[in-house]
file data33.txt (compact mmCIF, C-alpha atoms)
# COMPACT_ATOMS: atom_id res chain seq x y z
CA MET H 1 12.13 6.43 -18.20
CA SER H 2 9.60 7.75 -20.61
CA THR H 3 5.89 8.16 -20.99
CA ALA H 4 6.12 7.51 -24.69
CA THR H 5 4.59 4.06 -24.32
CA ILE H 6 1.36 5.49 -22.97
CA SER H 7 0.99 8.77 -24.82
CA LEU H 8 -2.03 9.22 -27.01
CA PRO H 9 -1.29 9.50 -30.72
CA PRO H 10 -2.16 12.85 -32.33
CA THR H 11 -5.36 13.00 -34.32
CA SER H 12 -6.34 15.41 -37.02
CA ALA H 13 -10.03 15.47 -36.12
CA PRO H 14 -12.16 14.22 -33.21
CA ALA H 15 -13.22 10.63 -33.78
CA SER H 16 -16.73 9.39 -33.10
CA LEU H 17 -17.47 7.72 -29.76
CA PRO H 18 -17.64 4.16 -31.20
CA ARG H 19 -14.29 4.70 -32.93
CA ARG H 20 -12.71 6.03 -29.74
CA ILE H 21 -13.97 2.99 -27.83
CA LEU H 22 -12.66 0.63 -30.52
CA ALA H 23 -9.28 2.41 -30.39
CA LEU H 24 -9.04 1.64 -26.68
CA LEU H 25 -9.80 -2.08 -27.00
CA PRO H 26 -6.39 -3.48 -28.15
CA GLY H 27 -4.36 -1.79 -25.41
CA THR H 28 -6.99 -2.42 -22.73
CA LEU H 29 -7.09 -6.11 -23.64
CA LEU H 30 -3.29 -6.17 -23.49
CA LEU H 31 -3.37 -4.71 -19.95
CA PHE H 32 -5.84 -7.35 -18.77
CA ALA H 33 -3.93 -10.12 -20.58
CA ILE H 34 -0.71 -9.14 -18.76
CA GLY H 35 -2.52 -8.92 -15.44
CA ILE H 36 -4.19 -12.31 -15.88
CA ALA H 37 -0.86 -13.80 -16.98
CA GLY H 38 0.63 -12.48 -13.73
CA LYS H 39 -2.14 -14.16 -11.76
CA SER H 40 -1.59 -17.40 -13.66
CA LEU H 41 2.16 -17.37 -13.01
CA GLU H 42 1.53 -16.88 -9.29
CA ALA H 43 -0.88 -19.84 -9.29
CA LEU H 44 1.58 -21.94 -11.31
CA ALA H 45 4.34 -21.21 -8.81
CA VAL H 46 2.10 -22.29 -5.92
CA TRP H 47 1.21 -25.54 -7.74
CA LEU H 48 4.85 -26.33 -8.58
CA ARG H 49 5.95 -25.80 -5.00
CA SER H 50 3.11 -27.73 -3.37
CA ALA H 51 2.51 -30.56 -5.84
CA HIS H 52 6.01 -31.20 -7.18
CA ARG H 53 8.27 -29.67 -4.51
CA ILE H 54 9.92 -27.53 -7.19
CA PRO H 55 11.61 -24.52 -5.54
CA PHE H 56 9.92 -21.97 -7.80
CA PRO H 57 10.36 -18.41 -6.45
CA HIS H 58 7.45 -16.99 -4.47
CA ILE H 59 6.46 -13.89 -6.42
CA GLU H 60 3.13 -12.12 -6.01
CA TYR H 61 0.94 -11.55 -9.08
CA VAL H 62 1.52 -7.81 -8.68
CA LEU H 63 5.24 -8.18 -9.34
CA TRP H 64 4.65 -10.70 -12.13
CA ALA H 65 2.40 -8.18 -13.92
CA ILE H 66 5.06 -5.49 -13.60
CA ILE H 67 7.84 -7.82 -14.79
CA LEU H 68 5.84 -8.92 -17.83
CA GLY H 69 5.07 -5.29 -18.65
CA LEU H 70 8.74 -4.35 -18.28
CA ILE H 71 9.80 -7.14 -20.63
CA LEU H 72 7.32 -6.07 -23.29
CA SER H 73 8.16 -2.36 -23.08
CA ASN H 74 11.95 -2.81 -22.96
CA PHE H 75 12.64 -5.72 -25.28
CA LEU H 76 9.83 -5.43 -27.81
CA THR H 77 8.33 -2.61 -29.82
CA ILE H 78 4.72 -2.08 -28.84
CA PRO H 79 2.67 -1.20 -31.94
CA GLU H 80 0.95 2.20 -32.03
CA ILE H 81 -2.49 0.58 -32.01
CA PHE H 82 -2.02 -0.49 -28.36
CA ARG H 83 -1.04 2.91 -26.94
CA PRO H 84 -4.48 4.52 -26.43
CA GLY H 85 -5.70 1.48 -24.47
CA ILE H 86 -2.52 1.25 -22.41
CA ALA H 87 -3.11 4.85 -21.33
CA THR H 88 -6.33 3.73 -19.59
CA TYR H 89 -4.29 2.14 -16.80
CA GLU H 90 -4.82 5.30 -14.72
CA LEU H 91 -8.60 4.95 -15.09
CA TRP H 92 -8.44 1.37 -13.77
CA LEU H 93 -6.20 2.54 -10.93
CA LYS H 94 -8.69 5.21 -9.84
CA LEU H 95 -11.62 2.80 -10.11
CA GLY H 96 -9.72 0.30 -7.96
CA ILE H 97 -9.06 2.97 -5.34
CA VAL H 98 -12.77 3.84 -5.23
CA LEU H 99 -13.66 0.18 -4.68
CA VAL H 100 -11.06 -0.15 -1.91
CA GLY H 101 -13.14 2.41 0.01
CA ALA H 102 -15.63 -0.39 0.76
CA LYS H 103 -13.01 -2.00 3.02
CA PHE H 104 -12.87 1.03 5.31
CA VAL H 105 -15.73 2.12 7.52
CA LEU H 106 -15.94 5.88 7.84
CA ARG H 107 -14.73 5.70 11.45
CA ASP H 108 -11.44 4.21 10.30
CA VAL H 109 -11.09 6.67 7.43
CA LEU H 110 -11.57 9.64 9.77
CA HIS H 111 -9.23 8.22 12.43
CA ILE H 112 -6.44 6.99 10.18
CA GLY H 113 -7.04 9.76 7.67
CA GLY H 114 -6.81 12.36 10.43
CA MET H 115 -3.54 10.88 11.62
CA SER H 116 -2.32 10.75 8.03
CA LEU H 117 -3.26 14.40 7.48
CA VAL H 118 -0.84 15.51 10.20
CA LEU H 119 1.91 13.44 8.59
CA VAL H 120 0.90 14.69 5.14
CA PHE H 121 1.24 18.33 6.23
CA ILE H 122 4.76 17.59 7.47
CA GLU H 123 5.60 15.65 4.30
CA LEU H 124 4.32 18.47 2.09
CA ALA H 125 6.34 21.13 3.88
CA LEU H 126 9.50 19.03 3.86
CA SER H 127 9.20 17.93 0.22
CA LEU H 128 8.57 21.42 -1.10
CA THR H 129 11.39 22.92 0.99
CA VAL H 130 14.00 20.21 0.40
CA MET H 131 13.40 19.89 -3.35
CA THR H 132 13.53 23.67 -3.77
CA LEU H 133 16.81 23.91 -1.86
CA LEU H 134 18.37 20.99 -3.74
CA GLY H 135 17.25 22.45 -7.06
CA ARG H 136 19.01 25.70 -6.24
CA ILE H 137 22.14 23.95 -4.98
CA PHE H 138 22.41 21.89 -8.19
CA LYS H 139 21.45 24.93 -10.31
CA LEU H 140 18.43 23.37 -11.98
CA PRO H 141 16.14 25.65 -14.03
CA PRO H 142 13.68 27.31 -11.59
CA LYS H 143 10.53 25.88 -13.19
CA LEU H 144 12.05 22.39 -13.35
CA THR H 145 12.74 22.75 -9.62
CA SER H 146 9.09 23.74 -9.10
CA LEU H 147 7.86 20.72 -11.05
CA LEU H 148 10.07 18.34 -9.06
CA ALA H 149 8.88 19.91 -5.80
CA ILE H 150 5.22 19.63 -6.84
CA GLY H 151 5.61 16.06 -8.11
CA SER H 152 7.47 14.81 -5.05
CA SER H 153 5.13 16.45 -2.55
CA ILE H 154 1.75 15.43 -4.01
CA CYS H 155 1.21 12.69 -6.56
CA GLY H 156 4.03 12.49 -9.03
CA VAL H 157 3.26 12.69 -12.73
CA THR H 158 -0.39 13.69 -12.18
CA ALA H 159 0.68 16.72 -10.15
CA ILE H 160 3.34 17.66 -12.71
CA MET H 161 0.80 17.53 -15.53
CA ALA H 162 -1.65 19.58 -13.45
CA ALA H 163 1.06 22.18 -12.89
CA GLN H 164 2.17 22.25 -16.51
CA GLY H 165 -0.78 24.35 -17.64
CA ALA H 166 -0.62 26.54 -14.54
CA ILE H 167 3.04 27.63 -14.46
CA ASP H 168 3.83 27.31 -18.20
CA PRO H 169 7.22 25.52 -18.04
CA ASP H 170 9.33 24.53 -21.04
CA GLU H 171 8.31 21.16 -22.46
CA GLU H 172 11.81 19.83 -21.76
CA ASP H 173 11.43 20.72 -18.08
CA THR H 174 8.13 18.83 -17.93
CA SER H 175 9.51 15.70 -19.63
CA THR H 176 12.64 15.78 -17.44
CA ALA H 177 10.59 16.08 -14.24
CA ILE H 178 8.31 13.23 -15.33
CA ALA H 179 11.30 11.01 -16.18
CA ALA H 180 12.90 11.70 -12.80
CA ILE H 181 9.68 10.96 -10.88
CA LEU H 182 9.07 7.75 -12.84
CA THR H 183 12.64 6.64 -12.17
CA LEU H 184 12.22 7.16 -8.45
CA GLY H 185 8.87 5.35 -8.48
CA ALA H 186 10.48 2.34 -10.16
CA LEU H 187 13.23 2.29 -7.53
CA ALA H 188 10.63 2.34 -4.75
CA LEU H 189 9.05 -0.86 -6.07
CA PHE H 190 12.20 -2.78 -5.19
CA THR H 191 13.59 -0.89 -2.19
CA PHE H 192 10.55 -0.20 -0.02
CA PRO H 193 9.35 -3.81 0.46
CA ALA H 194 12.92 -4.87 1.29
CA ILE H 195 13.22 -2.10 3.90
CA GLY H 196 9.79 -2.98 5.33
CA HIS H 197 10.75 -6.64 5.80
CA LEU H 198 14.15 -5.71 7.20
CA LEU H 199 12.50 -3.55 9.86
CA HIS H 200 9.64 -6.05 10.45
CA MET H 201 7.04 -3.37 9.82
CA GLY H 202 3.35 -4.14 10.25
CA GLN H 203 0.94 -3.98 7.33
CA GLN H 204 -0.63 -0.73 8.48
CA SER H 205 2.56 1.15 9.35
CA TYR H 206 4.27 0.05 6.12
CA GLY H 207 1.23 1.02 4.05
CA ILE H 208 0.99 4.47 5.64
CA TRP H 209 4.73 5.01 5.09
CA THR H 210 4.48 3.97 1.45
CA GLY H 211 1.53 6.29 0.84
CA LEU H 212 3.50 9.17 2.35
CA ALA H 213 6.85 8.57 0.68
CA VAL H 214 6.13 7.19 -2.83
CA ASP H 215 5.06 9.84 -5.31
CA ASN H 216 2.96 8.34 -8.10
CA THR H 217 -0.39 6.92 -7.03
CA ALA H 218 0.17 3.83 -9.19
CA GLU H 219 3.62 3.11 -7.76
CA ALA H 220 2.45 3.81 -4.21
CA THR H 221 -0.43 1.35 -4.60
CA VAL H 222 1.80 -1.31 -6.14
CA THR H 223 4.60 -0.82 -3.59
CA GLY H 224 2.10 -1.22 -0.77
CA THR H 225 0.42 -4.26 -2.32
CA LEU H 226 3.79 -5.98 -2.84
CA TYR H 227 4.09 -6.06 0.95
CA GLY H 228 0.55 -7.35 1.47
CA GLU H 229 -3.05 -6.68 0.50
CA ARG H 230 -3.76 -4.81 3.75
CA ALA H 231 -0.62 -2.71 3.32
CA GLY H 232 -1.81 -1.79 -0.16
CA GLN H 233 -5.12 -0.57 1.26
CA PHE H 234 -3.43 1.69 3.80
CA ALA H 235 -1.03 2.95 1.13
CA VAL H 236 -4.07 3.99 -0.91
CA LEU H 237 -5.55 5.75 2.12
CA ALA H 238 -2.41 7.76 2.90
CA LYS H 239 -1.76 8.52 -0.77
CA THR H 240 -5.35 9.71 -1.21
CA ALA H 241 -4.85 12.14 1.67
CA ARG H 242 -1.79 13.55 -0.13
CA SER H 243 -3.58 13.79 -3.47
CA ALA H 244 -6.36 15.90 -1.94
CA PHE H 245 -3.92 18.84 -1.67
CA ILE H 246 -2.98 18.96 -5.35
CA GLY H 247 -5.17 21.98 -6.12
CA PHE H 248 -3.81 24.08 -3.26
CA VAL H 249 -0.15 23.38 -4.05
CA VAL H 250 -0.53 23.95 -7.79
CA LEU H 251 -2.52 27.12 -7.13
CA GLY H 252 0.23 28.43 -4.87
CA TYR H 253 2.87 27.88 -7.56
CA ALA H 254 0.60 29.37 -10.23
CA ILE H 255 0.16 32.55 -8.17
CA TYR H 256 3.91 32.75 -7.54
CA TRP H 257 4.92 32.41 -11.19
CA ALA H 258 2.14 34.80 -12.25
CA SER H 259 3.55 37.36 -9.81
CA GLN H 260 6.90 36.94 -11.59
CA GLY H 261 5.22 37.64 -14.93
CA GLN H 262 6.02 34.13 -16.17
CA ALA H 263 2.56 32.48 -16.05
CA ALA H 264 -1.06 33.42 -16.63
CA ARG H 265 -2.90 34.96 -13.68
CA VAL H 266 -5.50 32.74 -11.97
CA GLU H 267 -8.76 34.71 -11.99
CA ARG H 268 -11.24 32.24 -10.49
CA LYS H 269 -9.39 30.44 -7.71
CA ALA H 270 -12.34 28.37 -6.42
CA LEU H 271 -12.99 26.99 -9.92
CA PHE H 272 -9.26 26.31 -10.31
CA LEU H 273 -9.22 24.27 -7.09
CA TRP H 274 -12.27 22.24 -8.18
CA GLN H 275 -10.77 21.53 -11.61
CA LYS H 276 -7.51 20.27 -10.07
CA PHE H 277 -9.13 18.27 -7.27
CA PRO H 278 -8.95 14.49 -7.98
CA LYS H 279 -12.61 13.46 -8.20
CA PHE H 280 -11.92 9.78 -7.49
CA ILE H 281 -11.33 10.74 -3.85
CA LEU H 282 -15.02 11.63 -3.60
CA GLY H 283 -15.88 8.15 -4.89
CA PHE H 284 -13.59 6.56 -2.30
CA VAL H 285 -15.28 8.49 0.53
CA ALA H 286 -18.78 7.80 -0.87
CA ILE H 287 -18.19 4.03 -0.96
CA SER H 288 -16.80 4.15 2.57
CA VAL H 289 -19.88 6.05 3.78
CA LEU H 290 -22.21 3.51 2.15
CA ALA H 291 -20.26 0.64 3.75
CA THR H 292 -20.47 2.39 7.14
CA LEU H 293 -24.25 2.80 6.82
CA GLY H 294 -24.68 -0.92 6.10
CA PHE H 295 -25.72 -0.37 2.49
CA PHE H 296 -23.72 -3.45 1.44
CA THR H 297 -24.20 -6.96 2.80
CA PRO H 298 -21.09 -8.92 3.89
CA PRO H 299 -21.12 -11.01 0.65
CA GLN H 300 -21.39 -7.81 -1.38
CA LEU H 301 -18.45 -6.27 0.49
CA LYS H 302 -16.42 -9.38 -0.26
CA SER H 303 -17.40 -9.14 -3.92
CA LEU H 304 -16.35 -5.49 -4.05
CA GLY H 305 -13.01 -6.43 -2.52
CA ASN H 306 -12.48 -9.14 -5.14
CA LEU H 307 -13.55 -6.75 -7.89
CA SER H 308 -10.99 -4.19 -6.73
CA GLN H 309 -8.21 -6.77 -7.13
CA TRP H 310 -9.30 -7.52 -10.70
CA VAL H 311 -9.58 -3.82 -11.52
CA PHE H 312 -6.07 -3.22 -10.19
CA LEU H 313 -4.65 -5.89 -12.54
CA PRO H 314 -4.53 -3.67 -15.67
CA ALA H 315 -3.25 -0.77 -13.55
CA PHE H 316 -0.30 -2.83 -12.30
CA ALA H 317 0.41 -4.04 -15.83
CA GLY H 318 0.43 -0.42 -16.98
CA VAL H 319 3.15 0.44 -14.47
CA GLY H 320 5.47 -2.04 -16.16
CA LEU H 321 4.46 -1.09 -19.71
CA ARG H 322 5.21 2.60 -19.23
CA THR H 323 8.67 2.02 -17.69
CA ARG H 324 11.57 2.06 -20.15
CA LEU H 325 14.86 1.28 -18.46
CA ARG H 326 17.00 2.69 -21.27
CA ASP H 327 15.76 6.17 -20.41
CA LEU H 328 17.08 6.01 -16.84
CA VAL H 329 20.25 7.84 -17.87
CA GLY H 330 18.75 9.85 -20.71
CA GLN H 331 17.78 12.96 -18.74
CA GLY H 332 21.13 14.03 -17.33
CA TRP H 333 22.52 13.41 -13.86
CA ARG H 334 21.44 16.56 -12.03
CA PRO H 335 17.61 16.12 -11.99
CA ILE H 336 17.97 12.46 -11.03
CA THR H 337 20.49 13.37 -8.30
CA VAL H 338 18.18 16.04 -6.89
CA GLY H 339 15.28 13.58 -6.99
CA VAL H 340 17.20 10.73 -5.35
CA LEU H 341 18.61 12.92 -2.58
CA GLY H 342 15.28 14.60 -1.91
CA GLU H 343 13.25 11.39 -2.00
CA ALA H 344 15.74 9.54 0.20
CA PHE H 345 15.51 12.33 2.78
CA ILE H 346 11.69 12.35 2.69
CA ALA H 347 11.56 8.53 2.89
CA LEU H 348 13.77 8.52 5.98
CA ILE H 349 11.88 11.34 7.70
CA THR H 350 8.45 9.83 7.01
CA LEU H 351 9.72 6.43 8.12
CA ALA H 352 10.86 7.95 11.41
CA MET H 353 7.49 9.72 11.83
CA VAL H 354 5.54 6.50 11.19
CA PHE H 355 7.71 4.60 13.67
CA PHE H 356 7.17 7.31 16.28
CA VAL H 357 3.39 7.40 15.81
CA TYR H 358 2.97 3.63 15.85
CA ARG H 359 5.33 3.02 18.75
CA HIS H 360 3.62 5.65 20.91
CA GLY H 361 0.06 4.41 20.63
CA GLY H 362 -0.99 6.63 17.74
CA ALA H 363 -2.21 3.57 15.86
CA GLN H 364 -2.22 -0.13 16.34
call {"tool": "encode", "arguments": {"input": "data33.txt", "output": "structure tokens"}}
result
Amino acid sequence: MSTATISLPPTSAPASLPRRILALLPGTLLLFAIGIAGKSLEALAVWLRSAHRIPFPHIEYVLWAIILGLILSNFLTIPEIFRPGIATYELWLKLGIVLVGAKFVLRDVLHIGGMSLVLVFIELALSLTVMTLLGRIFKLPPKLTSLLAIGSSICGVTAIMAAQGAIDPDEEDTSTAIAAILTLGALALFTFPAIGHLLHMGQQSYGIWTGLAVDNTAEATVTGTLYGERAGQFAVLAKTARSAFIGFVVLGYAIYWASQGQAARVERKALFLWQKFPKFILGFVAISVLATLGFFTPPQLKSLGNLSQWVFLPAFAGVGLRTRLRDLVGQGWRPITVGVLGEAFIALITLAMVFFVYRHGGAQ
């Protein structure tokens, strides 16, 4: 897979603010158009089944948006004018996560988040250790191994990009790590819901598992939502807990590679941590605090919930648009093999942990 469909085109000089906004419009409108088309196809399927007894497949709008995006990115050439706007899908994703905070009172965030933190610590330690060992076994370049370990333990592509400037890897290592992580995220979209249904997992346990085991925030949110709206919310919660550690993990690797003389030394560590910390987490907590204090009326909370679904539409469409299936085999077999083996191990371990916690009264 490749990020070429969402990369920003190079510019010779900074454009004015109105021009930058205008440049974003075509791709942003395309994201919303795909998302709305996904909603419409879901509604059409419901109407065909109920009104005409036509056995149209039951597919959620989330999957429809991804499928439509996949078709466009893999069978058509998306003009350059759309790319800047398509890249805004991450902004819509983060805004949607902030709005989801209104559905959790602070009591739930602290309880479930505290439970998730214990599981996150275990997941972090296992991911970093297993990916490092597999990278050495398969003789991957050391910095590529570091990028895969960072991406699989925290938040996928975002963590890899955060680490790129800190450990100074070769550009090929960065693109290979991103391709591997995107490949694994695409596989999760189809395998995780099937496993959840096979095991008859509840919405909360499945969502927590997804947030722990799926790397990219976008894919984790989508994979959770494919199972159910409530599962998607808990996936966001667990994934947010993982993302909060991005600064610490990247800082650790930056210090290590600097000690090897292969990266710049980090002089101001507190500033480094603040720069790497994902600020949308603060918005998520702030909205949850306001909801806990009764700042929003019940109709307003419902409106915020509906708004979050609409905001997620372009984010889900972006997941499909950035996925190019022809690149699945374009990065060589070793990074993908390391990723698949490592991710499968982490998925199984986190699944066992979630089952243990939920079966022993840790959560209901």
call {"tool": "residues_around", "arguments": {"input": "data33.txt", "residues": "H:Leu126", "least_positions_apart": "5", "cutoff": "12 Å", "atoms": "only C-alpha atoms", "output": "VMD selection string"}}
result
chain H and resid 119 to 121 131 to 134 149 to 150 152 to 154 212 to 213 342 to 350
call {"tool": "axis_aligned_box", "arguments": {"input": "data33.txt", "around": "stretch 23-34 of chain H", "padding_each_side": "8 Å", "output": "AutoDock Vina command-line options"}}
result
--center_x -5.3 --center_y -3.9 --center_z -24.6 --size_x 25.1 --size_y 28.5 --size_z 27.6
call {"tool": "residues_around", "arguments": {"input": "data33.txt", "residues": "H:Phe32", "least_positions_apart": "4", "cutoff": "8 Å", "atoms": "only C-alpha atoms", "output": "PyMOL selection string"}}
result
chain H and resi 28+36+313-314+317
call {"tool": "atom_distance", "arguments": {"input": "data33.txt", "atom1": "atom CA of H:Ala159", "atom2": "atom CA of H:Ile67"}}
result
26.0 Å
call {"tool": "residues_around", "arguments": {"input": "data33.txt", "residues": "stretch 298-301 of chain H", "least_positions_apart": "2", "cutoff": "12 Å", "atoms": "all atoms listed in the file", "output": "PyMOL selection string"}}
result
chain H and resi 99-105+287-288+290-292+294-296+303-308
call {"tool": "write_last_selection", "arguments": {"input": "data33.txt", "atoms": "C-alpha atoms", "output": "tab-separated table (two decimals), keeping the file's coordinate frame"}}
result
chain	number	residue	atom	x	y	z
H	99	LEU	CA	-13.66	0.18	-4.68
H	100	VAL	CA	-11.06	-0.15	-1.91
H	101	GLY	CA	-13.14	2.41	0.01
H	102	ALA	CA	-15.63	-0.39	0.76
H	103	LYS	CA	-13.01	-2.00	3.02
H	104	PHE	CA	-12.87	1.03	5.31
H	105	VAL	CA	-15.73	2.12	7.52
H	287	ILE	CA	-18.19	4.03	-0.96
H	288	SER	CA	-16.80	4.15	2.57
H	290	LEU	CA	-22.21	3.51	2.15
H	291	ALA	CA	-20.26	0.64	3.75
H	292	THR	CA	-20.47	2.39	7.14
H	294	GLY	CA	-24.68	-0.92	6.10
H	295	PHE	CA	-25.72	-0.37	2.49
H	296	PHE	CA	-23.72	-3.45	1.44
H	303	SER	CA	-17.40	-9.14	-3.92
H	304	LEU	CA	-16.35	-5.49	-4.05
H	305	GLY	CA	-13.01	-6.43	-2.52
H	306	ASN	CA	-12.48	-9.14	-5.14
H	307	LEU	CA	-13.55	-6.75	-7.89
H	308	SER	CA	-10.99	-4.19	-6.73
